[in-house]
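So this one's input_32.txt, compact mmCIF, C-alpha atoms:
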```txt
# COMPACT_ATOMS: atom_id res chain seq x y z
CA MET C 1 127.16 105.33 130.27
CA VAL C 2 127.96 108.85 129.09
CA TRP C 3 125.02 111.21 128.96
CA PRO C 4 124.93 113.92 126.27
CA ASP C 5 125.84 117.43 127.33
CA GLY C 6 123.77 120.50 126.66
CA SER C 7 125.19 121.28 123.22
CA GLN C 8 124.72 117.71 122.04
CA ILE C 9 121.13 117.68 123.25
CA ALA C 10 120.47 121.02 121.56
CA ARG C 11 121.98 119.85 118.28
CA GLN C 12 119.98 116.65 118.19
CA ALA C 13 116.80 118.42 119.30
CA ALA C 14 117.28 120.88 116.45
CA ILE C 15 117.58 118.02 113.98
CA VAL C 16 114.41 116.46 115.36
CA ALA C 17 112.61 119.81 115.14
CA VAL C 18 113.67 120.38 111.53
CA VAL C 19 112.65 116.88 110.51
CA MET C 20 109.28 117.30 112.20
CA LEU C 21 108.74 120.69 110.54
CA VAL C 22 109.52 119.32 107.09
CA TRP C 23 107.43 116.23 107.67
CA GLY C 24 104.58 118.30 109.11
CA GLY C 25 104.66 120.56 106.08
CA LEU C 26 104.51 117.62 103.74
CA PHE C 27 101.67 116.09 105.71
CA TRP C 28 99.72 119.35 105.84
CA GLY C 29 100.19 119.91 102.15
CA ALA C 30 99.13 116.41 101.27
CA MET C 31 96.08 116.42 103.53
CA ARG C 32 94.88 119.98 103.00
CA ILE C 33 92.40 119.44 100.20
CA PRO C 34 90.81 116.25 101.56
CA GLY C 35 90.75 117.84 105.02
CA GLU C 36 88.76 120.84 103.82
CA ALA C 37 86.34 118.66 101.95
CA SER C 38 85.95 116.47 105.01
CA SER C 39 85.25 119.44 107.28
CA GLU C 40 82.62 120.74 104.87
CA ARG C 41 80.94 117.35 104.87
CA SER C 42 81.05 117.26 108.67
CA ALA C 43 79.57 120.75 108.86
CA ALA C 44 76.73 119.77 106.55
CA ALA C 45 75.96 116.69 108.62
CA GLU C 46 76.12 118.74 111.83
CA ALA C 47 73.74 121.34 110.38
CA ARG C 48 71.32 118.58 109.46
CA ARG C 49 71.39 117.19 112.99
CA ASP C 50 70.91 120.65 114.49
CA ALA C 51 67.86 121.17 112.30
CA ARG C 52 66.41 117.86 113.41
CA ARG C 53 67.11 118.66 117.05
CA ALA C 54 65.44 122.06 116.74
CA ALA C 55 62.44 120.49 115.04
CA ALA C 56 62.20 117.88 117.80
CA GLU C 57 62.28 120.53 120.50
CA ALA C 58 59.66 122.59 118.70
CA ASP C 59 57.45 119.54 118.27
CA ALA C 60 57.88 118.52 121.91
CA ALA C 61 56.16 121.67 123.14
CA PRO C 62 53.71 123.02 120.55
CA GLY C 63 52.25 126.32 121.72
CA ASP C 64 54.43 126.38 124.81
CA SER C 65 57.90 127.60 124.08
CA THR C 66 58.87 127.58 127.76
CA ALA C 67 58.28 123.88 128.27
CA PRO C 68 61.49 121.90 128.74
CA ALA C 69 62.41 119.71 125.83
CA PRO C 70 64.01 116.30 126.27
CA GLU C 71 67.73 116.71 125.80
CA ASP C 72 68.58 113.29 124.47
CA ALA C 73 65.35 112.33 122.80
CA PRO C 74 65.73 111.31 119.16
CA ALA C 75 64.31 113.81 116.76
CA PRO C 76 61.05 112.83 115.12
CA GLU C 77 60.83 113.26 111.40
CA GLU C 78 59.82 116.67 110.22
CA THR C 79 58.53 115.10 107.04
CA VAL C 80 56.03 112.99 108.93
CA THR C 81 53.17 115.01 107.47
CA ALA C 82 53.97 113.69 104.03
CA GLN C 83 52.45 110.40 105.06
CA ALA C 84 48.75 109.85 104.67
CA ASP C 85 48.77 107.81 107.85
CA PRO C 86 50.68 109.50 110.64
CA ALA C 87 53.48 107.71 112.49
CA PRO C 88 52.68 105.62 115.54
CA SER C 89 51.93 107.52 118.70
CA PRO C 90 54.89 108.14 120.98
CA PRO C 91 54.86 106.64 124.47
CA THR C 92 53.09 108.42 127.29
CA GLY C 93 56.27 108.96 129.29
CA ASP C 94 57.30 112.46 130.29
CA ALA C 95 60.38 112.42 128.07
CA ALA C 96 58.41 111.61 124.95
CA PRO C 97 57.72 114.39 122.47
CA ALA C 98 54.08 115.21 121.97
CA PRO C 99 52.48 114.09 118.71
CA VAL C 100 52.59 116.64 116.00
CA PRO C 101 49.23 118.12 115.01
CA ALA C 102 48.91 117.33 111.34
CA ALA C 103 47.29 120.61 110.41
CA GLU C 104 49.94 122.66 112.12
CA THR C 105 52.93 120.96 110.53
CA THR C 106 51.25 120.73 107.17
CA ALA C 107 50.82 124.47 107.27
CA ALA C 108 54.50 124.80 108.00
CA THR C 109 55.54 122.86 104.92
CA ALA C 110 52.76 123.26 102.40
CA PRO C 111 52.94 126.19 100.00
CA ASP C 112 50.75 129.12 101.02
CA PRO C 113 48.19 129.95 98.33
CA GLU C 114 48.31 133.64 99.25
CA PRO C 115 51.76 134.33 100.57
CA GLU C 116 52.13 137.44 102.62
CA PRO C 117 55.23 139.60 102.28
CA SER C 118 57.64 138.99 105.08
CA PRO C 119 61.10 140.28 105.92
CA PRO C 120 63.97 138.16 104.65
CA PRO C 121 65.08 135.59 107.22
CA ALA C 122 68.44 135.74 108.94
CA PRO C 123 71.16 133.67 107.26
CA ALA C 124 71.17 130.97 109.97
CA ALA C 125 67.39 130.75 109.95
CA ALA C 126 67.42 130.61 106.17
CA ALA C 127 69.83 127.70 106.29
CA ASP C 128 67.60 125.87 108.76
CA ASP C 129 64.55 126.55 106.60
CA ARG C 130 66.37 125.16 103.59
CA LEU C 131 67.34 122.04 105.52
CA ALA C 132 63.77 121.55 106.70
CA ALA C 133 62.25 122.22 103.31
CA THR C 134 61.39 119.53 100.83
CA PRO C 135 63.63 119.28 97.77
CA ALA C 136 60.94 120.91 95.66
CA ASP C 137 61.09 124.03 97.86
CA VAL C 138 64.79 124.59 97.33
CA PRO C 139 65.89 126.47 94.22
CA MET C 140 68.17 124.43 92.01
CA GLU C 141 71.05 126.88 92.29
CA GLU C 142 71.03 126.61 96.11
CA MET C 143 71.24 122.85 96.15
CA THR C 144 74.55 121.37 97.22
CA LEU C 145 75.51 117.76 97.75
CA ASP C 146 76.04 116.73 101.34
CA PRO C 147 77.12 113.19 102.26
CA ILE C 148 73.58 111.82 102.32
CA ASP C 149 72.74 113.40 98.97
CA GLU C 150 75.97 112.04 97.54
CA ALA C 151 75.03 108.57 98.73
CA ALA C 152 71.59 108.98 97.27
CA ALA C 153 73.12 109.99 93.96
CA ALA C 154 75.51 107.05 94.09
CA ALA C 155 72.58 104.76 94.85
CA ASP C 156 71.43 105.29 91.29
CA ASP C 157 74.35 103.17 90.16
CA VAL C 158 73.33 100.16 92.22
CA GLY C 159 70.45 99.14 90.03
CA GLU C 160 67.30 97.34 91.09
CA VAL C 161 67.46 96.50 94.79
CA SER C 162 65.48 93.74 96.45
CA PHE C 163 64.55 94.08 100.10
CA ALA C 164 64.65 90.33 100.72
CA ALA C 165 67.85 89.66 98.82
CA ASP C 166 69.85 92.85 99.39
CA VAL C 167 68.60 94.88 102.34
CA LEU C 168 67.29 92.31 104.79
CA PRO C 169 70.62 90.43 105.02
CA ILE C 170 72.30 93.70 106.02
CA LEU C 171 69.65 94.43 108.61
CA GLU C 172 69.83 90.88 109.95
CA ARG C 173 73.59 91.07 110.22
CA ARG C 174 73.89 94.54 111.75
CA CYS C 175 70.55 95.73 113.16
CA ILE C 176 68.13 92.95 114.00
CA LYS C 177 69.98 92.05 117.18
CA CYS C 178 68.40 95.09 118.83
CA HIS C 179 65.51 95.78 116.46
CA GLY C 180 63.49 92.62 116.07
CA GLY C 181 65.79 89.84 117.20
CA LEU C 182 65.16 87.37 119.96
CA ARG C 183 66.68 87.57 123.42
CA ASP C 184 68.06 84.49 125.13
CA ASP C 185 64.75 84.01 126.91
CA GLY C 186 62.92 83.93 123.58
CA THR C 187 61.25 87.32 123.84
CA GLN C 188 61.60 89.78 120.99
CA ARG C 189 63.91 92.74 121.46
CA ILE C 190 62.62 95.93 119.87
CA GLU C 191 64.74 98.90 120.92
CA GLU C 192 63.05 102.31 120.59
CA GLY C 193 59.96 100.58 119.25
CA LEU C 194 61.69 99.94 115.92
CA ASN C 195 61.31 96.51 114.33
CA LEU C 196 63.33 95.99 111.17
CA LEU C 197 62.22 92.50 110.24
CA THR C 198 59.66 93.46 107.61
CA VAL C 199 59.03 96.41 105.35
CA ALA C 200 55.69 97.04 107.04
CA ASP C 201 57.39 97.22 110.43
CA ILE C 202 60.07 99.52 109.09
CA LEU C 203 57.54 101.87 107.54
CA ALA C 204 55.57 101.85 110.80
CA GLY C 205 58.54 103.64 112.29
CA SER C 206 59.90 103.78 115.81
CA THR C 207 58.59 105.11 119.08
CA TRP C 208 59.61 108.55 117.90
CA GLY C 209 58.11 108.50 114.44
CA SER C 210 58.88 107.54 110.89
CA VAL C 211 62.38 106.29 110.10
CA VAL C 212 62.08 105.66 106.37
CA GLU C 213 60.50 108.00 103.86
CA PRO C 214 60.02 106.01 100.64
CA GLY C 215 61.79 107.80 97.80
CA ASP C 216 63.49 110.32 100.10
CA VAL C 217 66.90 109.17 101.28
CA ALA C 218 67.84 112.48 102.84
CA GLY C 219 64.58 112.55 104.80
CA SER C 220 64.96 109.03 106.14
CA TYR C 221 66.18 109.06 109.72
CA LEU C 222 67.29 105.42 109.55
CA TYR C 223 69.67 106.21 106.72
CA GLU C 224 70.97 109.28 108.50
CA LEU C 225 71.78 107.21 111.57
CA VAL C 226 73.66 104.48 109.73
CA GLU C 227 75.40 106.91 107.39
CA SER C 228 76.69 109.01 110.27
CA GLY C 229 77.88 105.94 112.17
CA ASP C 230 75.58 106.64 115.13
CA MET C 231 74.08 103.22 114.43
CA PRO C 232 74.80 100.36 114.96
CA ASP C 233 75.46 101.55 118.48
CA ASN C 234 79.01 100.83 119.67
CA GLU C 235 79.70 98.63 116.67
CA PRO C 236 81.55 99.14 113.39
CA ARG C 237 79.83 101.29 110.82
CA LEU C 238 78.06 99.87 107.82
CA LEU C 239 80.28 99.48 104.79
CA PRO C 240 79.89 101.90 101.88
CA ARG C 241 78.31 99.28 99.64
CA GLU C 242 75.80 98.43 102.38
CA LEU C 243 74.91 102.09 102.69
CA ARG C 244 74.48 102.33 98.93
CA LEU C 245 72.11 99.36 98.90
CA ILE C 246 69.96 100.81 101.68
CA ALA C 247 69.95 104.22 100.00
CA ALA C 248 68.96 102.66 96.70
CA TRP C 249 66.17 100.67 98.35
CA ILE C 250 64.75 103.80 99.96
CA ARG C 251 65.14 105.78 96.77
CA GLN C 252 63.33 103.09 94.79
CA GLY C 253 60.33 103.37 97.08
CA ALA C 254 61.20 101.09 100.01
CA SER C 255 59.07 98.35 98.56
CA SER C 256 58.67 94.85 99.89
CA ASN C 257 60.14 93.16 96.85
CA MET D 1 86.06 68.64 107.23
CA GLY D 2 86.47 70.30 103.89
CA GLU D 3 83.45 72.47 104.56
CA LEU D 4 84.85 73.50 107.94
CA ILE D 5 88.14 74.49 106.35
CA ALA D 6 86.31 76.41 103.67
CA THR D 7 84.22 78.20 106.32
CA VAL D 8 87.26 79.15 108.37
CA ALA D 9 89.18 80.21 105.29
CA ARG D 10 86.27 82.36 104.19
CA ALA D 11 85.99 83.91 107.64
CA VAL D 12 89.69 84.77 107.74
CA PHE D 13 90.24 85.92 104.19
CA VAL D 14 86.85 87.29 103.15
CA THR D 15 84.58 88.12 106.07
CA HIS D 16 87.09 89.37 108.60
CA PRO D 17 89.07 92.51 107.87
CA LEU D 18 92.71 91.46 107.65
CA HIS D 19 94.02 94.88 108.61
CA SER D 20 92.32 94.68 112.00
CA MET D 21 94.13 91.42 112.65
CA THR D 22 97.59 92.66 111.70
CA VAL D 23 97.60 96.29 112.77
CA HIS D 24 97.94 95.56 116.47
CA PHE D 25 101.43 94.13 116.05
CA PRO D 26 103.22 97.35 115.04
CA ILE D 27 101.23 99.29 117.63
CA ALA D 28 102.25 96.96 120.45
CA LEU D 29 105.81 96.49 119.25
CA SER D 30 106.51 100.20 118.94
CA MET D 31 105.23 100.81 122.46
CA VAL D 32 107.20 97.92 123.93
CA GLY D 33 110.26 99.09 122.02
CA LEU D 34 110.03 102.51 123.63
CA LEU D 35 109.59 100.84 127.00
CA PHE D 36 112.76 98.78 126.47
CA VAL D 37 114.75 101.82 125.40
CA VAL D 38 113.72 103.70 128.51
CA LEU D 39 114.55 100.68 130.64
CA ALA D 40 117.89 100.34 128.89
CA LEU D 41 118.73 103.94 129.75
CA VAL D 42 117.51 103.66 133.31
CA LYS D 43 119.21 100.34 134.03
CA ASN D 44 122.19 100.89 131.70
CA ASP D 45 121.45 97.43 130.33
CA PRO D 46 122.62 96.43 126.81
CA ALA D 47 120.19 93.49 126.80
CA MET D 48 117.26 95.89 127.06
CA GLU D 49 118.67 97.93 124.20
CA GLN D 50 118.97 94.78 122.13
CA ALA D 51 115.34 93.95 122.89
CA ALA D 52 114.32 97.44 121.80
CA PHE D 53 116.19 96.99 118.54
CA VAL D 54 114.37 93.72 117.89
CA CYS D 55 111.04 95.41 118.61
CA LEU D 56 111.94 98.23 116.26
CA THR D 57 112.81 95.82 113.46
CA LEU D 58 109.60 93.90 113.98
CA THR D 59 107.68 97.18 114.00
CA ALA D 60 108.95 97.87 110.49
CA VAL D 61 108.19 94.34 109.26
CA THR D 62 104.71 94.11 110.78
CA GLY D 63 104.03 97.70 109.73
CA LEU D 64 104.70 96.64 106.17
CA LEU D 65 102.30 93.72 106.61
CA ALA D 66 99.67 96.06 108.09
CA ALA D 67 100.13 98.40 105.13
CA PHE D 68 99.47 95.63 102.63
CA THR D 69 96.40 94.37 104.48
CA GLY D 70 95.15 97.92 104.94
CA TYR D 71 95.48 98.55 101.22
CA ARG D 72 93.62 95.32 100.51
CA ASP D 73 90.85 96.07 103.02
CA VAL D 74 90.24 99.60 101.81
CA LEU D 75 89.74 98.26 98.30
CA VAL D 76 87.79 95.10 99.13
CA ARG D 77 85.70 96.20 102.09
CA PHE D 78 85.42 99.96 101.63
CA ASP D 79 85.52 100.25 97.86
CA GLY D 80 88.44 102.64 98.30
CA GLU D 81 86.22 105.08 100.18
CA ALA D 82 87.35 104.66 103.79
CA GLN D 83 87.68 107.86 105.77
CA TYR D 84 91.16 109.33 106.24
CA VAL D 85 92.63 106.80 103.85
CA GLY D 86 95.10 109.38 102.54
CA ALA D 87 96.21 110.40 106.01
CA LYS D 88 96.59 106.80 107.07
CA ALA D 89 98.67 105.98 104.00
CA PHE D 90 100.94 108.97 104.66
CA LEU D 91 101.34 108.16 108.35
CA GLY D 92 101.81 104.46 107.67
CA ALA D 93 104.50 105.12 105.07
CA THR D 94 106.22 107.44 107.53
CA LEU D 95 106.10 104.75 110.21
CA ILE D 96 107.64 102.15 107.94
CA LEU D 97 110.36 104.52 106.75
CA LEU D 98 111.14 105.72 110.26
CA SER D 99 111.22 102.34 111.95
CA GLY D 100 112.95 100.67 109.00
CA GLY D 101 115.50 103.45 108.72
CA MET D 102 116.23 103.39 112.43
CA ALA D 103 116.56 99.62 112.43
CA PHE D 104 118.94 99.81 109.49
CA ALA D 105 121.02 102.51 111.19
CA ARG D 106 121.09 100.55 114.43
CA CYS D 107 122.18 97.48 112.52
CA ARG D 108 125.07 99.40 110.98
CA ARG D 109 126.01 101.16 114.19
CA SER D 110 125.24 99.25 117.35
CA ARG D 111 126.08 102.08 119.79
CA LEU D 112 123.41 104.51 118.65
CA LEU D 113 121.80 104.59 122.09
CA TRP D 114 125.05 104.75 124.05
CA ASP D 115 126.69 107.44 121.92
CA PRO D 116 125.89 110.89 123.39
CA SER D 117 125.84 112.40 119.90
CA THR D 118 122.99 110.14 118.73
CA MET D 119 121.19 109.17 121.95
CA VAL D 120 118.50 111.87 121.74
CA LEU D 121 117.88 111.19 118.07
CA TYR D 122 117.54 107.48 118.65
CA VAL D 123 115.12 107.85 121.56
CA SER D 124 113.16 110.49 119.63
CA GLY D 125 112.75 107.95 116.85
CA PHE D 126 111.13 105.52 119.24
CA VAL D 127 108.84 108.24 120.53
CA GLY D 128 107.96 109.06 116.93
CA THR D 129 107.03 105.48 116.13
CA VAL D 130 104.75 105.35 119.17
CA ALA D 131 103.14 108.66 118.19
CA LEU D 132 102.56 107.44 114.65
CA THR D 133 101.08 104.10 115.64
CA SER D 134 98.84 105.80 118.21
CA VAL D 135 97.43 108.22 115.65
CA LEU D 136 97.04 105.44 113.09
CA GLY D 137 95.21 103.28 115.61
CA PHE D 138 92.97 106.17 116.58
CA LEU D 139 92.07 106.90 112.97
CA GLY D 140 91.34 103.21 112.43
CA GLY D 141 88.97 103.32 115.37
CA VAL D 142 87.27 106.38 113.90
CA ILE D 143 86.82 104.58 110.58
CA LEU D 144 85.19 101.60 112.25
CA TYR D 145 83.29 103.19 115.11
CA GLY D 146 83.11 106.91 114.40
CA TYR D 147 83.81 109.60 116.98
```

If you convert what's in this file into structure tokens, what do you get?
Amino acid sequence: MVWPDGSQIARQAAIVAVVMLVWGGLFWGAMRIPGEASSERSAAAEARRDARRAAAEADAAPGDSTAPAPEDAPAPEETVTAQADPAPSPPTGDAAPAPVPAAETTAATAPDPEPEPSPPPAPAAAADDRLAATPADVPMEEMTLDPIDEAAAAADDVGEVSFAADVLPILERRCIKCHGGLRDDGTQRIEEGLNLLTVADILAGSTWGSVVEPGDVAGSYLYELVESGDMPDNEPRLLPRELRLIAAWIRQGASSN
Amino acid sequence: MGELIATVARAVFVTHPLHSMTVHFPIALSMVGLLFVVLALVKNDPAMEQAAFVCLTLTAVTGLLAAFTGYRDVLVRFDGEAQYVGAKAFLGATLILLSGGMAFARCRRSRLLWDPSTMVLYVSGFVGTVALTSVLGFLGGVILYGY
């Protein structure tokens, strides 16, 4: 066998380099617009998670900012105060976030009847405030569609959704195994205290708080988890049409129909 | 019996994603093809080079099959909304063109690997097919399982 000499290697390497440059340029040009849109969507989702994480850490140590917050604990819902009946109490373990005093969090979200003048917040803080605020608090011109809002908007096209006929089959297929299903020994498996077998159980929430806010897709932690692909854990994501059905069910009031 | 056949047929053609069943062939074949090319060079063995050529040809054929099933799955299962679908289409088309083109060239000129003026190009093509199938497989994993 005759091996190529230096000039032959250089010539062929140059051809490979030129082909790769041309191909890379074509690929970059073709992918540029979707790539930017995708990164914006990822940034919006990341900002939402950061806001939840910050809210969870703040809730874990009310009045004591030096107390260590659980690193991996799921974030409780910041919209929990919207419920007349608060979410179930978290477990008594050290890693569990403390329950949120209703009066304190209500004051954080309810409009102040006599607002006092305050300096304008920093841009990052303003973004976090906007993420934590209810839709009614956000001026229309500042509203942008992130993936969850897009899904909620698309859910309008689904039509009337039945929990028993549309949503429960999805939950049974993808979620019940860990959240309400039976183990081999016949005992019920309820990971994180979340049972998804009935609407009442779903609305009761998980160990960490509410997971579905009827009428509020963006504020429903369950939807955020399945939309981001964090759940089902270590399994394929839910399909787009499954996400649309769940979003539509939440948007239509999460009723037991 | 008829019900069993209907159940299996439904599982294969409706419930199961076809792309996941077919996409592993071009991935494996491209990697084995590169392995055979390297072995052919190391051992100076024409039989290994012939095996690499067969793997390359099958990479193109099964890549075409994976492209069709991927197109079907993205429409049927993802409503055309799967992540990175544009990138995967671009990379998949490149893989088919590269492996098909190389197989065609090798068919016309059997000494591509042994000719010093084309050896680097030919081996680079195999490396390229492995790179493409690796990225395609990774993106497929991201679509199904996320990061």

- Task: Using all atoms listed in the file, select each residue of chain C with any atom at most 10 Å away from an atom of chain D, and give the selection as a PyMOL selection string.
- Result: chain C and resi 1-5+7-16+20+23+26-28+30-31+34-35+38+228-242

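Here atom CA of C:Ala204 stands at a distance of 22.6 Å from atom CA of C:Ala58.
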
Using all atoms of stretch 196-202 of chain C listed in the file and a margin of 3 Å per side, can you give the axis-aligned box centre and edge lengths in Å to one decimal, as lines of an AutoDock Vina configuration file?
```
center_x = 59.5
center_y = 96.0
center_z = 108.3
size_x = 13.6
size_y = 13.0
size_z = 11.8
```

- Message: as an NGL selection string, please: the residues near stretch 15-29 of chain D (cut-off 10 Å, only C-alpha atoms, same-chain neighbours under 3 positions excluded).
- Response: :D and (7-12 or 32-35 or 52 or 54-74 or 76-77 or 95-96 or 99 or 129-137 or 140-141 or 144)

- Message: Would you pick out the contacts of stretch 157-161 of chain C at 10 Å or less, using only C-alpha atoms, so that residues sharing its chain but fewer than 3 positions from it are not included, and give the list as a list in words?
- Response: Ala152, Ala153, Ala154, Ala164, Ala165, Asp166, Val167, Arg241, Arg244, Leu245, Ile246, Ala247, Ala248, Trp249, Ile250, Arg251, Gln252, Ala254, Ser255 and Asn257 of chain C

- Task: Record the distance separating atom CA of D:Gln50 and atom CA of D:Ala103, expressed in Å with one decimal.
- Result: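 According to the coordinates, atom CA of D:Gln50 and atom CA of D:Ala103 are separated by 11.1 Å.
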
- Find the distance between atom CA of C:His179 and atom CA of C:Ala54 and write it in Å to one decimal. 26.3 Å

- Item | Top pick for closest residue to C:Leu196, considering C:Gly29, C:Val18, C:Leu168, C:Gly215 and counting only C-alpha atoms |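 Checking each candidate against C:Leu196, we get C:Leu168 as the closest.
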